>>> print(open('data28.cif').read())   # mmCIF, C-alpha atoms
data_target
loop_
_atom_site.label_atom_id
_atom_site.label_comp_id
_atom_site.auth_asym_id
_atom_site.auth_seq_id
_atom_site.Cartn_x
_atom_site.Cartn_y
_atom_site.Cartn_z
CA MET A 1 91.66 89.10 162.07
CA SER A 2 94.55 86.72 162.39
CA GLY A 3 95.06 83.01 162.06
CA THR A 4 94.87 80.88 165.17
CA SER A 5 95.75 77.27 165.82
CA ASP A 6 94.78 74.31 163.67
CA GLU A 7 93.37 72.57 166.71
CA VAL A 8 89.65 71.90 166.76
CA ASN A 9 87.79 74.06 169.25
CA ASP A 10 84.68 72.76 170.97
CA GLY A 11 83.00 76.15 171.28
CA PHE A 12 82.51 79.32 169.28
CA HIS A 13 85.23 81.64 170.54
CA GLN A 14 84.82 85.37 170.24
CA ASN A 15 88.40 85.76 169.03
CA SER A 16 87.91 83.29 166.18
CA ASN A 17 88.04 84.48 162.60
CA LEU A 18 84.40 83.58 161.97
CA ALA A 19 83.38 85.55 165.06
CA HIS A 20 85.14 88.60 163.64
CA VAL A 21 83.25 88.19 160.36
CA VAL A 22 79.93 87.92 162.19
CA SER A 23 80.74 90.95 164.33
CA TYR A 24 81.63 92.97 161.24
CA ILE A 25 78.36 92.06 159.49
CA ASP A 26 76.30 92.79 162.58
CA THR A 27 77.93 96.20 163.01
CA ALA A 28 78.08 97.22 159.35
CA ARG A 29 74.40 96.48 158.69
CA ARG A 30 73.46 99.12 161.29
CA GLN A 31 75.61 101.85 159.76
CA PRO A 32 74.79 104.31 156.98
CA VAL A 33 76.10 103.60 153.51
CA GLY A 34 79.13 105.73 152.62
CA ASP A 35 79.05 107.71 149.40
CA LEU A 36 82.03 106.03 147.70
CA PRO A 37 80.88 102.44 148.44
CA ARG A 38 77.35 103.44 147.41
CA GLN A 39 78.51 104.72 144.02
CA ALA A 40 80.69 101.64 143.56
CA ALA A 41 77.74 99.35 144.31
CA LEU A 42 75.58 101.15 141.74
CA ARG A 43 78.32 100.80 139.12
CA CYS A 44 78.65 97.11 139.93
CA ASN A 45 74.90 96.68 139.52
CA LEU A 46 74.87 98.20 136.05
CA ASP A 47 77.87 96.18 134.97
CA LEU A 48 76.40 92.93 136.33
CA LEU A 49 73.05 93.47 134.61
CA GLY A 50 74.86 93.94 131.32
CA ALA A 51 76.80 90.72 131.83
CA ALA A 52 73.59 88.86 132.65
CA ALA A 53 71.69 90.22 129.67
CA SER A 54 74.53 89.28 127.31
CA GLY A 55 74.57 85.72 128.64
CA ILE A 56 70.84 85.13 128.92
CA ASN A 57 70.53 82.78 125.93
CA GLN A 58 73.66 80.68 126.43
CA PRO A 59 72.92 76.92 126.53
CA GLY A 60 74.13 76.51 130.11
CA VAL A 61 72.00 79.46 131.21
CA LEU A 62 68.92 78.08 129.48
CA ALA A 63 69.54 74.77 131.26
CA ALA A 64 69.89 76.46 134.66
CA ARG A 65 66.72 78.46 134.11
CA LYS A 66 64.77 75.38 133.02
CA THR A 67 66.03 73.41 136.01
CA ALA A 68 65.31 76.23 138.45
CA LEU A 69 61.73 76.47 137.21
CA ALA A 70 61.29 72.69 137.43
CA THR A 71 62.96 72.02 140.79
CA MET A 72 62.85 75.19 142.90
CA ALA A 73 59.80 76.50 144.71
CA ALA A 74 57.48 78.82 142.80
CA GLY A 75 57.64 82.52 143.59
CA ASP A 76 57.33 86.04 142.26
CA VAL A 77 61.04 86.88 142.04
CA PRO A 78 62.00 87.76 138.44
CA ILE A 79 64.40 85.67 136.44
CA TRP A 80 65.91 88.55 134.55
CA PHE A 81 65.13 89.17 130.88
CA SER A 82 63.05 85.98 130.62
CA GLY A 83 59.53 86.98 131.66
CA THR A 84 59.52 84.15 134.23
CA THR A 85 59.66 84.07 138.02
CA SER A 86 60.76 81.67 140.73
CA SER A 87 61.61 81.59 144.41
CA VAL A 88 64.50 83.61 145.77
CA VAL A 89 66.81 80.61 145.41
CA GLY A 90 65.61 79.70 141.92
CA ALA A 91 65.78 83.24 140.57
CA ALA A 92 69.15 84.03 142.14
CA TRP A 93 70.57 80.78 140.74
CA ALA A 94 69.31 81.46 137.22
CA ASN A 95 70.39 85.10 137.29
CA SER A 96 73.84 84.21 138.58
CA SER A 97 74.19 81.67 135.77
CA ALA A 98 73.44 84.35 133.20
CA ALA A 99 75.81 86.83 134.83
CA ALA A 100 78.76 84.40 134.89
CA ALA A 101 78.20 82.71 131.53
CA LEU A 102 80.33 84.89 129.26
CA ASP A 103 83.02 85.97 131.74
CA LEU A 104 81.98 89.62 131.51
CA ASP A 105 81.24 89.93 135.25
CA ASP A 106 83.34 92.07 137.56
CA GLY A 107 86.30 90.83 139.57
CA HIS A 108 88.65 91.64 142.39
CA ARG A 109 92.45 91.40 142.45
CA LEU A 110 92.79 90.28 146.08
CA ALA A 111 90.31 87.42 145.83
CA ARG A 112 91.30 86.51 142.26
CA GLY A 113 87.66 85.95 141.43
CA HIS A 114 84.25 87.41 140.76
CA PRO A 115 82.09 88.60 143.68
CA GLY A 116 79.40 90.39 141.70
CA ALA A 117 77.90 87.36 139.97
CA ALA A 118 77.14 85.83 143.37
CA VAL A 119 76.33 88.88 145.49
CA ILE A 120 74.14 91.01 143.21
CA PRO A 121 71.70 88.28 142.06
CA THR A 122 71.29 87.36 145.74
CA ALA A 123 70.66 90.93 146.87
CA LEU A 124 68.22 91.80 144.10
CA ALA A 125 66.29 88.53 144.53
CA ILE A 126 65.76 89.09 148.25
CA ALA A 127 65.07 92.81 147.74
CA SER A 128 62.40 91.90 145.20
CA GLU A 129 60.71 89.52 147.61
CA THR A 130 60.96 91.77 150.68
CA ASP A 131 60.55 95.16 148.97
CA ALA A 132 63.81 96.30 150.53
CA SER A 133 64.85 99.91 150.14
CA LEU A 134 67.65 101.00 147.85
CA GLU A 135 69.91 101.82 150.78
CA ASP A 136 69.33 98.45 152.44
CA THR A 137 70.00 96.66 149.16
CA LEU A 138 73.20 98.56 148.49
CA ARG A 139 74.36 98.00 152.07
CA ALA A 140 73.85 94.25 151.66
CA ILE A 141 75.82 94.27 148.41
CA ILE A 142 78.70 96.23 149.93
CA ILE A 143 78.89 93.87 152.91
CA GLY A 144 78.65 90.83 150.65
CA TYR A 145 81.63 92.01 148.59
CA GLU A 146 83.57 92.80 151.76
CA VAL A 147 83.07 89.37 153.29
CA GLY A 148 83.54 87.40 150.08
CA VAL A 149 86.69 89.18 148.93
CA THR A 150 88.24 89.10 152.40
CA ILE A 151 87.75 85.35 152.82
CA GLY A 152 88.71 84.68 149.21
CA ALA A 153 91.93 86.64 149.65
CA ALA A 154 92.72 84.89 152.94
CA ARG A 155 92.79 81.44 151.36
CA THR A 156 96.24 79.88 151.37
CA THR A 157 95.13 77.23 148.87
CA TYR A 158 93.85 78.78 145.67
CA GLY A 159 90.41 77.80 144.47
CA ASN A 160 88.01 79.27 141.95
CA THR A 161 85.35 81.77 143.00
CA GLY A 162 82.81 79.11 143.96
CA THR A 163 85.00 78.01 146.86
CA TRP A 164 84.49 81.34 148.70
CA SER A 165 81.54 83.17 147.14
CA SER A 166 78.98 81.22 149.23
CA TYR A 167 80.28 83.18 152.25
CA ALA A 168 79.47 86.38 150.36
CA VAL A 169 75.99 85.10 149.57
CA VAL A 170 75.26 84.34 153.23
CA ALA A 171 76.50 87.76 154.30
CA THR A 172 74.40 89.52 151.67
CA ALA A 173 71.24 87.59 152.47
CA ALA A 174 71.70 87.87 156.24
CA VAL A 175 71.86 91.66 156.06
CA LEU A 176 68.52 91.81 154.26
CA HIS A 177 67.00 89.14 156.53
CA GLY A 178 68.24 90.75 159.73
CA THR A 179 69.64 87.39 160.79
CA ALA A 180 70.70 87.07 164.43
CA PRO A 181 74.48 86.73 164.95
CA GLU A 182 74.31 83.22 166.47
CA ILE A 183 72.37 81.95 163.43
CA LEU A 184 74.59 83.85 161.03
CA ALA A 185 77.69 82.14 162.42
CA HIS A 186 76.29 78.71 161.66
CA ALA A 187 75.05 79.81 158.23
CA LEU A 188 78.52 81.01 157.24
CA ALA A 189 80.08 77.80 158.55
CA ILE A 190 77.57 75.60 156.71
CA ALA A 191 78.14 77.54 153.49
CA GLY A 192 81.91 77.34 153.76
CA GLU A 193 81.89 73.62 154.48
CA SER A 194 79.42 72.91 151.66
CA SER A 195 80.78 75.22 148.94
CA PRO A 196 81.47 73.86 145.43
CA ASN A 197 84.77 72.01 145.15
CA GLN A 198 86.71 74.11 142.66
CA LEU A 199 90.17 73.55 144.12
CA PHE A 200 91.71 71.29 141.52
CA ALA A 201 90.60 72.81 138.24
CA SER A 202 92.98 75.77 138.53
CA ALA A 203 95.29 75.07 141.47
CA PRO A 204 99.03 75.77 141.23
CA VAL A 205 99.40 72.10 140.30
CA PRO A 206 96.23 71.62 138.21
CA ARG A 207 94.68 68.25 137.69
CA ASN A 208 95.88 66.12 134.83
CA PRO A 209 94.31 65.87 132.34
CA ALA A 210 92.99 69.44 132.46
CA PRO A 211 89.23 69.61 133.00
CA GLU A 212 87.11 69.70 129.90
CA ALA A 213 85.57 73.12 129.25
CA SER A 214 82.02 73.20 130.59
CA ASP A 215 79.26 75.43 131.89
CA VAL A 216 80.27 74.65 135.49
CA LYS A 217 83.27 76.99 135.10
CA GLU A 218 84.00 78.56 138.50
CA GLY A 219 80.96 77.19 140.29
CA ILE A 220 79.56 80.65 141.06
CA PRO A 221 75.85 79.93 140.43
CA TRP A 222 75.89 76.84 142.60
CA SER A 223 77.61 78.79 145.36
CA VAL A 224 74.55 81.06 145.34
CA VAL A 225 72.29 78.07 145.95
CA THR A 226 74.71 76.82 148.62
CA GLY A 227 74.77 80.12 150.47
CA LEU A 228 71.02 80.71 150.41
CA VAL A 229 70.22 77.15 151.48
CA ALA A 230 72.88 77.36 154.21
CA LEU A 231 71.12 80.40 155.67
CA SER A 232 67.77 78.60 155.60
CA LEU A 233 69.32 75.56 157.25
CA ALA A 234 70.84 77.66 160.03
CA GLU A 235 67.54 79.45 160.60
CA ALA A 236 65.92 76.01 160.96
CA GLY A 237 68.48 74.89 163.56
CA HIS A 238 71.17 73.22 161.43
CA THR A 239 74.74 73.69 162.64
CA GLY A 240 78.08 74.18 160.96
CA PRO A 241 81.77 73.97 162.00
CA ARG A 242 82.24 77.48 163.32
CA ASN A 243 86.02 77.12 163.59
CA ILE A 244 86.20 76.65 159.80
CA LEU A 245 88.26 79.82 159.22
CA ASP A 246 90.77 79.17 162.00
CA SER A 247 93.01 76.68 160.21
CA THR A 248 96.20 78.51 159.23
CA ARG A 249 96.81 75.69 156.80
CA HIS A 250 93.91 77.03 154.74
CA TYR A 251 93.42 80.69 155.76
CA TRP A 252 95.64 83.57 156.76
CA PHE A 253 93.95 86.86 157.62
CA SER A 254 96.76 89.40 157.42
CA GLU A 255 96.55 92.98 158.66
CA ASP A 256 95.77 94.04 155.09
CA LEU A 257 92.51 92.10 155.24
CA ARG A 258 90.84 93.89 158.12
CA LEU A 259 87.13 94.04 157.35
CA GLY A 260 85.64 97.41 156.49
CA VAL A 261 88.86 99.46 156.53
CA ASN A 262 89.14 99.94 152.76
CA PRO A 263 85.85 98.74 151.23
CA HIS A 264 86.62 96.06 148.68
CA ILE A 265 83.73 97.04 146.44
CA CYS A 266 85.58 100.29 145.73
CA ASN A 267 88.47 98.27 144.27
CA THR A 268 86.51 96.11 141.87
CA TYR A 269 87.65 95.83 138.25
CA PHE A 270 85.40 95.74 135.19
CA LYS A 271 86.00 93.75 132.03
CA LEU A 272 85.80 94.94 128.44
CA TYR A 273 86.21 91.48 126.87
CA ALA A 274 84.20 88.30 127.41
CA CYS A 275 87.10 86.16 128.54
CA CYS A 276 89.24 85.30 131.55
CA ARG A 277 91.00 88.27 133.16
CA HIS A 278 94.36 86.60 132.47
CA ILE A 279 93.74 87.35 128.78
CA HIS A 280 92.94 91.05 129.10
CA ALA A 281 96.45 92.42 129.59
CA PRO A 282 97.79 90.49 126.55
CA LEU A 283 94.80 91.73 124.53
CA ASP A 284 95.38 95.36 125.43
CA ALA A 285 99.13 94.99 124.80
CA LEU A 286 98.49 93.47 121.37
CA LEU A 287 95.97 96.16 120.40
CA GLN A 288 98.53 98.77 121.47
CA VAL A 289 101.22 97.31 119.20
CA VAL A 290 98.94 96.74 116.20
CA GLY A 291 97.56 100.26 116.45
CA ARG A 292 100.88 101.98 117.16
CA TYR A 293 102.68 100.40 114.21
CA SER A 294 99.68 99.94 111.84
CA ILE A 295 100.44 96.23 111.56
CA ASP A 296 98.66 94.22 108.89
CA PRO A 297 97.27 91.19 110.77
CA HIS A 298 97.69 88.99 107.71
CA ALA A 299 101.43 89.71 107.67
CA ILE A 300 102.10 88.58 111.24
CA ASP A 301 104.65 85.78 111.56
CA ALA A 302 104.58 85.38 115.36
CA ILE A 303 103.06 86.78 118.54
CA GLU A 304 105.00 86.27 121.77
CA VAL A 305 103.22 86.87 125.07
CA GLU A 306 105.00 87.38 128.39
CA SER A 307 102.64 87.09 131.34
CA THR A 308 102.14 85.32 134.69
CA SER A 309 102.15 81.64 135.58
CA GLY A 310 98.40 81.82 136.13
CA ALA A 311 97.92 82.87 132.52
CA LEU A 312 99.69 79.72 131.40
CA ARG A 313 97.51 77.48 133.57
CA ILE A 314 94.27 78.25 131.72
CA SER A 315 93.50 75.92 128.82
CA ASN A 316 94.87 78.16 125.98
CA ARG A 317 93.60 75.92 123.18
CA ASP A 318 94.37 77.24 119.70
CA ASN A 319 91.23 75.69 118.17
CA PRO A 320 88.44 75.89 120.77
CA THR A 321 85.28 73.88 120.19
CA ASN A 322 82.95 75.86 122.47
CA LEU A 323 82.63 79.36 123.93
CA VAL A 324 83.97 78.39 127.35
CA ASP A 325 87.18 77.19 125.72
CA VAL A 326 87.40 80.53 123.90
CA GLN A 327 87.04 82.35 127.24
CA TYR A 328 90.14 80.55 128.52
CA SER A 329 92.38 80.79 125.44
CA ILE A 330 94.94 83.55 125.10
CA PRO A 331 95.99 82.43 121.58
CA TYR A 332 92.47 82.30 120.18
CA CYS A 333 91.30 85.55 121.77
CA LEU A 334 94.39 87.37 120.52
CA ALA A 335 93.86 85.99 117.04
CA LEU A 336 90.19 87.00 117.08
CA VAL A 337 90.96 90.57 118.07
CA THR A 338 93.85 90.80 115.60
CA LEU A 339 91.60 89.84 112.68
CA GLN A 340 88.20 91.16 113.77
CA GLY A 341 88.75 93.84 116.38
CA SER A 342 87.80 93.98 120.05
CA GLN A 343 84.05 93.91 119.28
CA ALA A 344 84.44 90.18 118.60
CA LEU A 345 84.79 89.73 122.37
CA LEU A 346 82.03 92.12 123.46
CA PRO A 347 79.99 90.01 123.61
CA LEU A 348 81.20 86.55 122.61
CA THR A 349 78.96 84.68 120.18
CA PRO A 350 79.06 81.20 118.55
CA ALA A 351 80.05 82.89 115.28
CA VAL A 352 83.66 83.08 116.52
CA LEU A 353 84.05 79.30 116.53
CA GLY A 354 85.58 77.19 113.77
CA GLN A 355 87.24 79.99 111.82
CA SER A 356 90.31 78.61 110.08
CA ALA A 357 91.91 82.04 109.64
CA VAL A 358 91.66 82.67 113.37
CA VAL A 359 93.10 79.23 114.15
CA ASP A 360 96.04 79.94 111.84
CA VAL A 361 96.92 83.13 113.72
CA ALA A 362 96.31 81.47 117.11
CA ARG A 363 98.94 78.87 116.24
CA LYS A 364 101.49 81.66 115.85
CA VAL A 365 101.08 82.67 119.51
CA THR A 366 103.62 81.51 122.09
CA LEU A 367 103.34 82.07 125.86
CA SER A 368 105.99 82.48 128.53
CA VAL A 369 106.20 83.47 132.19
CA ASN A 370 107.86 86.76 133.04
CA ALA A 371 109.29 86.38 136.55
CA ASP A 372 108.77 90.06 137.44
CA PHE A 373 105.14 90.03 136.29
CA ASP A 374 104.58 86.83 138.23
CA ALA A 375 105.96 88.34 141.43
CA ARG A 376 103.65 91.34 141.12
CA PHE A 377 100.51 89.19 140.75
CA PRO A 378 97.75 89.35 142.02
CA THR A 379 98.23 93.00 143.02
CA GLU A 380 98.87 93.66 139.34
CA THR A 381 98.20 91.55 136.27
CA LEU A 382 100.68 92.49 133.57
CA ALA A 383 101.72 91.41 130.10
CA ARG A 384 104.05 92.35 127.29
CA VAL A 385 103.55 91.31 123.67
CA THR A 386 106.06 91.11 120.84
CA VAL A 387 104.70 90.91 117.29
CA THR A 388 107.04 89.72 114.53
CA VAL A 389 106.36 90.83 110.95
CA ARG A 390 108.79 89.91 108.18
CA GLY A 391 111.66 89.64 110.62
CA ARG A 392 110.94 92.89 112.44
CA HIS A 393 109.95 92.80 116.13
CA PHE A 394 107.40 95.24 117.53
CA VAL A 395 107.20 95.29 121.34
CA SER A 396 104.40 96.63 123.51
CA ASP A 397 104.77 98.51 126.75
CA VAL A 398 104.33 96.54 129.96
CA THR A 399 100.55 96.61 130.05
CA ALA A 400 97.85 96.31 132.68
CA PRO A 401 94.31 95.64 131.50
CA LYS A 402 91.78 98.43 131.16
CA GLY A 403 89.16 98.74 133.87
CA GLU A 404 91.39 98.13 136.90
CA ALA A 405 90.46 99.93 140.12
CA SER A 406 93.66 101.97 139.77
CA ASP A 407 92.43 103.25 136.37
CA PRO A 408 88.65 102.77 136.49
CA LEU A 409 86.26 102.97 133.58
CA SER A 410 84.30 106.21 133.43
CA SER A 411 80.51 106.24 133.64
CA ALA A 412 80.40 106.81 129.88
CA GLU A 413 82.69 103.82 129.29
CA LEU A 414 80.55 101.60 131.52
CA GLU A 415 77.43 102.64 129.65
CA ALA A 416 79.14 102.02 126.31
CA LYS A 417 80.15 98.57 127.53
CA PHE A 418 76.57 97.87 128.58
CA ARG A 419 75.22 98.84 125.16
CA ALA A 420 77.85 96.86 123.26
CA ALA A 421 77.54 93.75 125.44
CA THR A 422 73.73 93.64 125.20
CA ARG A 423 73.26 94.70 121.58
CA PHE A 424 72.29 91.17 120.49
CA SER A 425 70.03 90.39 123.45
CA LEU A 426 68.20 93.66 124.18
CA THR A 427 66.50 96.17 121.93
CA ALA A 428 67.72 99.77 122.01
CA ASP A 429 64.51 100.73 123.80
CA HIS A 430 65.08 98.09 126.47
CA GLN A 431 68.66 99.27 126.93
CA ASP A 432 67.37 102.81 127.38
CA ARG A 433 64.82 101.73 130.00
CA ILE A 434 67.45 99.90 132.06
CA LEU A 435 69.87 102.81 131.90
CA ALA A 436 67.09 105.23 132.86
CA ALA A 437 66.16 102.97 135.79
CA MET A 438 69.78 102.88 136.92
CA ASN A 439 69.99 106.68 136.74
CA LYS A 440 66.89 106.89 138.94
CA ALA A 441 68.47 104.40 141.34
CA CYS A 442 71.54 106.63 141.53
CA ALA A 443 69.15 109.42 142.54
CA GLY A 444 67.64 107.20 145.26
CA ASP A 445 64.66 105.54 143.57
CA ILE A 446 64.97 101.78 143.02
CA SER A 447 61.33 101.22 142.08
CA HIS A 448 61.95 101.27 138.33
CA LEU A 449 64.86 98.83 138.31
CA MET A 450 63.12 95.47 138.78
CA PRO A 451 60.38 96.22 136.19
CA SER A 452 63.07 97.12 133.65
CA ILE A 453 64.84 93.76 133.88
CA LYS A 454 61.90 91.33 134.04
#
>>> encode(input="data28.cif", output="structure tokens")
Amino acid sequence: MSGTSDEVNDGFHQNSNLAHVVSYIDTARRQPVGDLPRQAALRCNLDLLGAAASGINQPGVLAARKTALATMAAGDVPIWFSGTTSSVVGAAWANSSAAAALDLDDGHRLARGHPGAAVIPTALAIASETDASLEDTLRAIIIGYEVGVTIGAARTTYGNTGTWSSYAVVATAAVLHGTAPEILAHALAIAGESSPNQLFASAPVPRNPAPEASDVKEGIPWSVVTGLVALSLAEAGHTGPRNILDSTRHYWFSEDLRLGVNPHICNTYFKLYACCRHIHAPLDALLQVVGRYSIDPHAIDAIEVESTSGALRISNRDNPTNLVDVQYSIPYCLALVTLQGSQALLPLTPAVLGQSAVVDVARKVTLSVNADFDARFPTETLARVTVTVRGRHFVSDVTAPKGEASDPLSSAELEAKFRAATRFSLTADHQDRILAAMNKACAGDISHLMPSIK
């Protein structure tokens, strides 16, 4: 795909960017699932279920679930870990809210966002309603990641995940619905035009004052509603601006973004801390220094963090008042891990708030942009940390966060993450049942998965 002119076209041209997306979806849904994308999709499913279970009782998630049950149509689709059901839209919305709540959901470097929290709740909701096979469900997930990440990466104006994940939702749902190409084109266009406005919260020149921390975050759950409703609208005859992806002012589809060449789901990263990905490299660098030199956290005089400009654009409050603020604070997260270990961020709980000792250490953290690290972002996200103790400076290696696609977590590490992240929300027996169901899914049997997460 390549950018075309900014001029408005009256018709739907077969060489348009949206036409290429539709053609890819229509072709890919008829092809067998490759082994590597299949295994990646199964790993993403396990990781996403762990993120959702860990976030299930967050206030914003409880509100979304209550609202979904009150306003969405009734249905038999499970709202995970709650014992309740709703329509496809209601359940996918509530499940996406849980998955995104604690910032433990997967991400992708190219798109600089989180495809799984939109795609997987959509796929599993529709699969539950339609009794789709495992292979069809995995195919829909793979295609959803491919479309979402490609469009997200093609944006020339940065916006949070909600600005592009509705495209991924439409693609995922359309595969399982068998939507005709002419309807799919309008559904994608409607979703793109109607997606949550998340442009200004984290743009290169962010809004002033910075947005207050809230459960809206990146707008992922609402993008799920947007995408599913867009597909229903298109099926009912509603139209969208099908030249939406052809403005080079807003999108540039380079040769590196050819759909289906190198499946994006195979290059997903997984998170070991419940916080923004910008914080993970500094965390791993700090843990490296503290462990290497056996540093007493109470003796630390200063912590200097070199990172990217994006890392400095998150809120970085040294005394957060809610868990969302913690998720976007390098100083506070570093202080937490220094004093309490990495388990304080897997998962994140209200107990971490209001701790004066943590605030004291957070106020010793300074942040700066390293020009080399900045130039290498988003392909890499790097940091270096210097810890000062009684006049001595201890410097970390240049550090990339754990769980990147270039150095993926093993199956054992993913399972350990799942158990740690869900230890407060699931019993050990429930954890075992989900892991057993996932193992059976890996062997080709999806029938045990939905019962294990009701």
>>> residues_around(input="data28.cif", residues="range 217-227 of chain A", least_positions_apart="3", cutoff="8 Å", atoms="all atoms listed in the file", output="PDB file with C-alpha atoms, keeping the file's coordinate frame")
ATOM      1  CA  VAL A  89      66.810  80.610 145.410  1.00  0.00           C
ATOM      2  CA  GLY A  90      65.610  79.700 141.920  1.00  0.00           C
ATOM      3  CA  ALA A  92      69.150  84.030 142.140  1.00  0.00           C
ATOM      4  CA  TRP A  93      70.570  80.780 140.740  1.00  0.00           C
ATOM      5  CA  ALA A  94      69.310  81.460 137.220  1.00  0.00           C
ATOM      6  CA  SER A  96      73.840  84.210 138.580  1.00  0.00           C
ATOM      7  CA  SER A  97      74.190  81.670 135.770  1.00  0.00           C
ATOM      8  CA  ALA A 100      78.760  84.400 134.890  1.00  0.00           C
ATOM      9  CA  ALA A 117      77.900  87.360 139.970  1.00  0.00           C
ATOM     10  CA  ALA A 118      77.140  85.830 143.370  1.00  0.00           C
ATOM     11  CA  THR A 122      71.290  87.360 145.740  1.00  0.00           C
ATOM     12  CA  ASN A 160      88.010  79.270 141.950  1.00  0.00           C
ATOM     13  CA  THR A 161      85.350  81.770 143.000  1.00  0.00           C
ATOM     14  CA  GLY A 162      82.810  79.110 143.960  1.00  0.00           C
ATOM     15  CA  THR A 163      85.000  78.010 146.860  1.00  0.00           C
ATOM     16  CA  SER A 165      81.540  83.170 147.140  1.00  0.00           C
ATOM     17  CA  SER A 166      78.980  81.220 149.230  1.00  0.00           C
ATOM     18  CA  TYR A 167      80.280  83.180 152.250  1.00  0.00           C
ATOM     19  CA  ALA A 168      79.470  86.380 150.360  1.00  0.00           C
ATOM     20  CA  VAL A 169      75.990  85.100 149.570  1.00  0.00           C
ATOM     21  CA  VAL A 170      75.260  84.340 153.230  1.00  0.00           C
ATOM     22  CA  ALA A 187      75.050  79.810 158.230  1.00  0.00           C
ATOM     23  CA  LEU A 188      78.520  81.010 157.240  1.00  0.00           C
ATOM     24  CA  ALA A 191      78.140  77.540 153.490  1.00  0.00           C
ATOM     25  CA  SER A 194      79.420  72.910 151.660  1.00  0.00           C
ATOM     26  CA  SER A 195      80.780  75.220 148.940  1.00  0.00           C
ATOM     27  CA  PRO A 196      81.470  73.860 145.430  1.00  0.00           C
ATOM     28  CA  GLN A 198      86.710  74.110 142.660  1.00  0.00           C
ATOM     29  CA  ALA A 213      85.570  73.120 129.250  1.00  0.00           C
ATOM     30  CA  SER A 214      82.020  73.200 130.590  1.00  0.00           C
ATOM     31  CA  ALA A 230      72.880  77.360 154.210  1.00  0.00           C
ATOM     32  CA  LEU A 231      71.120  80.400 155.670  1.00  0.00           C
ATOM     33  CA  VAL A 324      83.970  78.390 127.350  1.00  0.00           C
TER      34      VAL A 324
END
>>> resolve_selection(input="data28.cif", expression="the PyMOL selection byres ((chain A and resi 39) around 12)", output="PyMOL selection string")
chain A and resi 33-38+40-46+135+138-139+141-142+263+265-268+411+438-439+441-444
>>> closest_residue(input="data28.cif", among="A:Leu345, A:Val337, A:Leu245, A:Met450", to="Ile126 in chain A", atoms="all atoms listed in the file")
A:Met450
>>> atom_distance(input="data28.cif", atom1="CA of Ala174 in chain A", atom2="CA of Asn197 in chain A")
23.4 Å
>>> closest_residue(input="data28.cif", among="A:Leu259, A:Ala234, A:Val216, A:Val88", to="Ile143 in chain A", atoms="only C-alpha atoms")
A:Leu259
>>> resolve_selection(input="data28.cif", expression="the PyMOL selection byres ((chain A and resi 80-82) around 7)", output="list in words")
Ala53, Pro78, Ile79, Gly83, Thr84, Asn95, Ile453 and Lys454 of chain A
>>> residues_near_point(input="data28.cif", point="(93.2, 96.3, 128.0)", cutoff="7 Å", atoms="all atoms listed in the file", output="PyMOL selection string")
chain A and resi 280-281+283-285+400-402
>>> residues_around(input="data28.cif", residues="range 418-430 of chain A", least_positions_apart="4", cutoff="7 Å", atoms="all atoms listed in the file", output="list of chain:residue names")
A:Asp47, A:Gly50, A:Ala53, A:Ser54, A:Leu346, A:Pro347, A:Leu414, A:Ile434
>>> atom_distance(input="data28.cif", atom1="CA of Thr381 in chain A", atom2="CA of Val61 in chain A")
29.3 Å
>>> resolve_selection(input="data28.cif", expression="the PyMOL selection byres ((chain A and resi 17) around 7)", output="JSON, numbers by chain")
{"A": [1, 2, 15, 16, 18, 19, 20, 21, 245, 246]}
>>> axis_aligned_box(input="data28.cif", around="range 436-440 of chain A", padding_each_side="4 Å", output="lines of an AutoDock Vina configuration file")
center_x = 68.1
center_y = 104.9
center_z = 135.9
size_x = 11.8
size_y = 12.0
size_z = 14.1
>>> decode(input="data28.cif", residues="range 308-315 of chain A", atoms="N, CA and C atoms", output="compact mmCIF listing (two decimals), in the first residue's frame")
# COMPACT_ATOMS: atom_id res chain seq x y z
N THR A 308 13.55 8.21 26.23
CA THR A 308 13.07 8.85 25.00
C THR A 308 12.16 10.03 25.34
N SER A 309 11.88 10.84 24.34
CA SER A 309 10.99 11.99 24.56
C SER A 309 9.58 11.52 24.95
N GLY A 310 9.16 10.38 24.39
CA GLY A 310 7.84 9.87 24.76
C GLY A 310 7.74 9.54 26.23
N ALA A 311 8.82 9.06 26.82
CA ALA A 311 8.82 8.73 28.24
C ALA A 311 8.63 9.98 29.09
N LEU A 312 9.09 11.12 28.59
CA LEU A 312 8.94 12.35 29.35
C LEU A 312 7.58 13.01 29.14
N ARG A 313 6.80 12.50 28.17
CA ARG A 313 5.48 13.10 27.92
C ARG A 313 4.38 12.46 28.75
N ILE A 314 4.63 11.30 29.37
CA ILE A 314 3.62 10.76 30.29
C ILE A 314 3.65 11.58 31.57
N SER A 315 2.68 11.39 32.44
CA SER A 315 2.47 12.35 33.53
C SER A 315 3.61 12.39 34.54
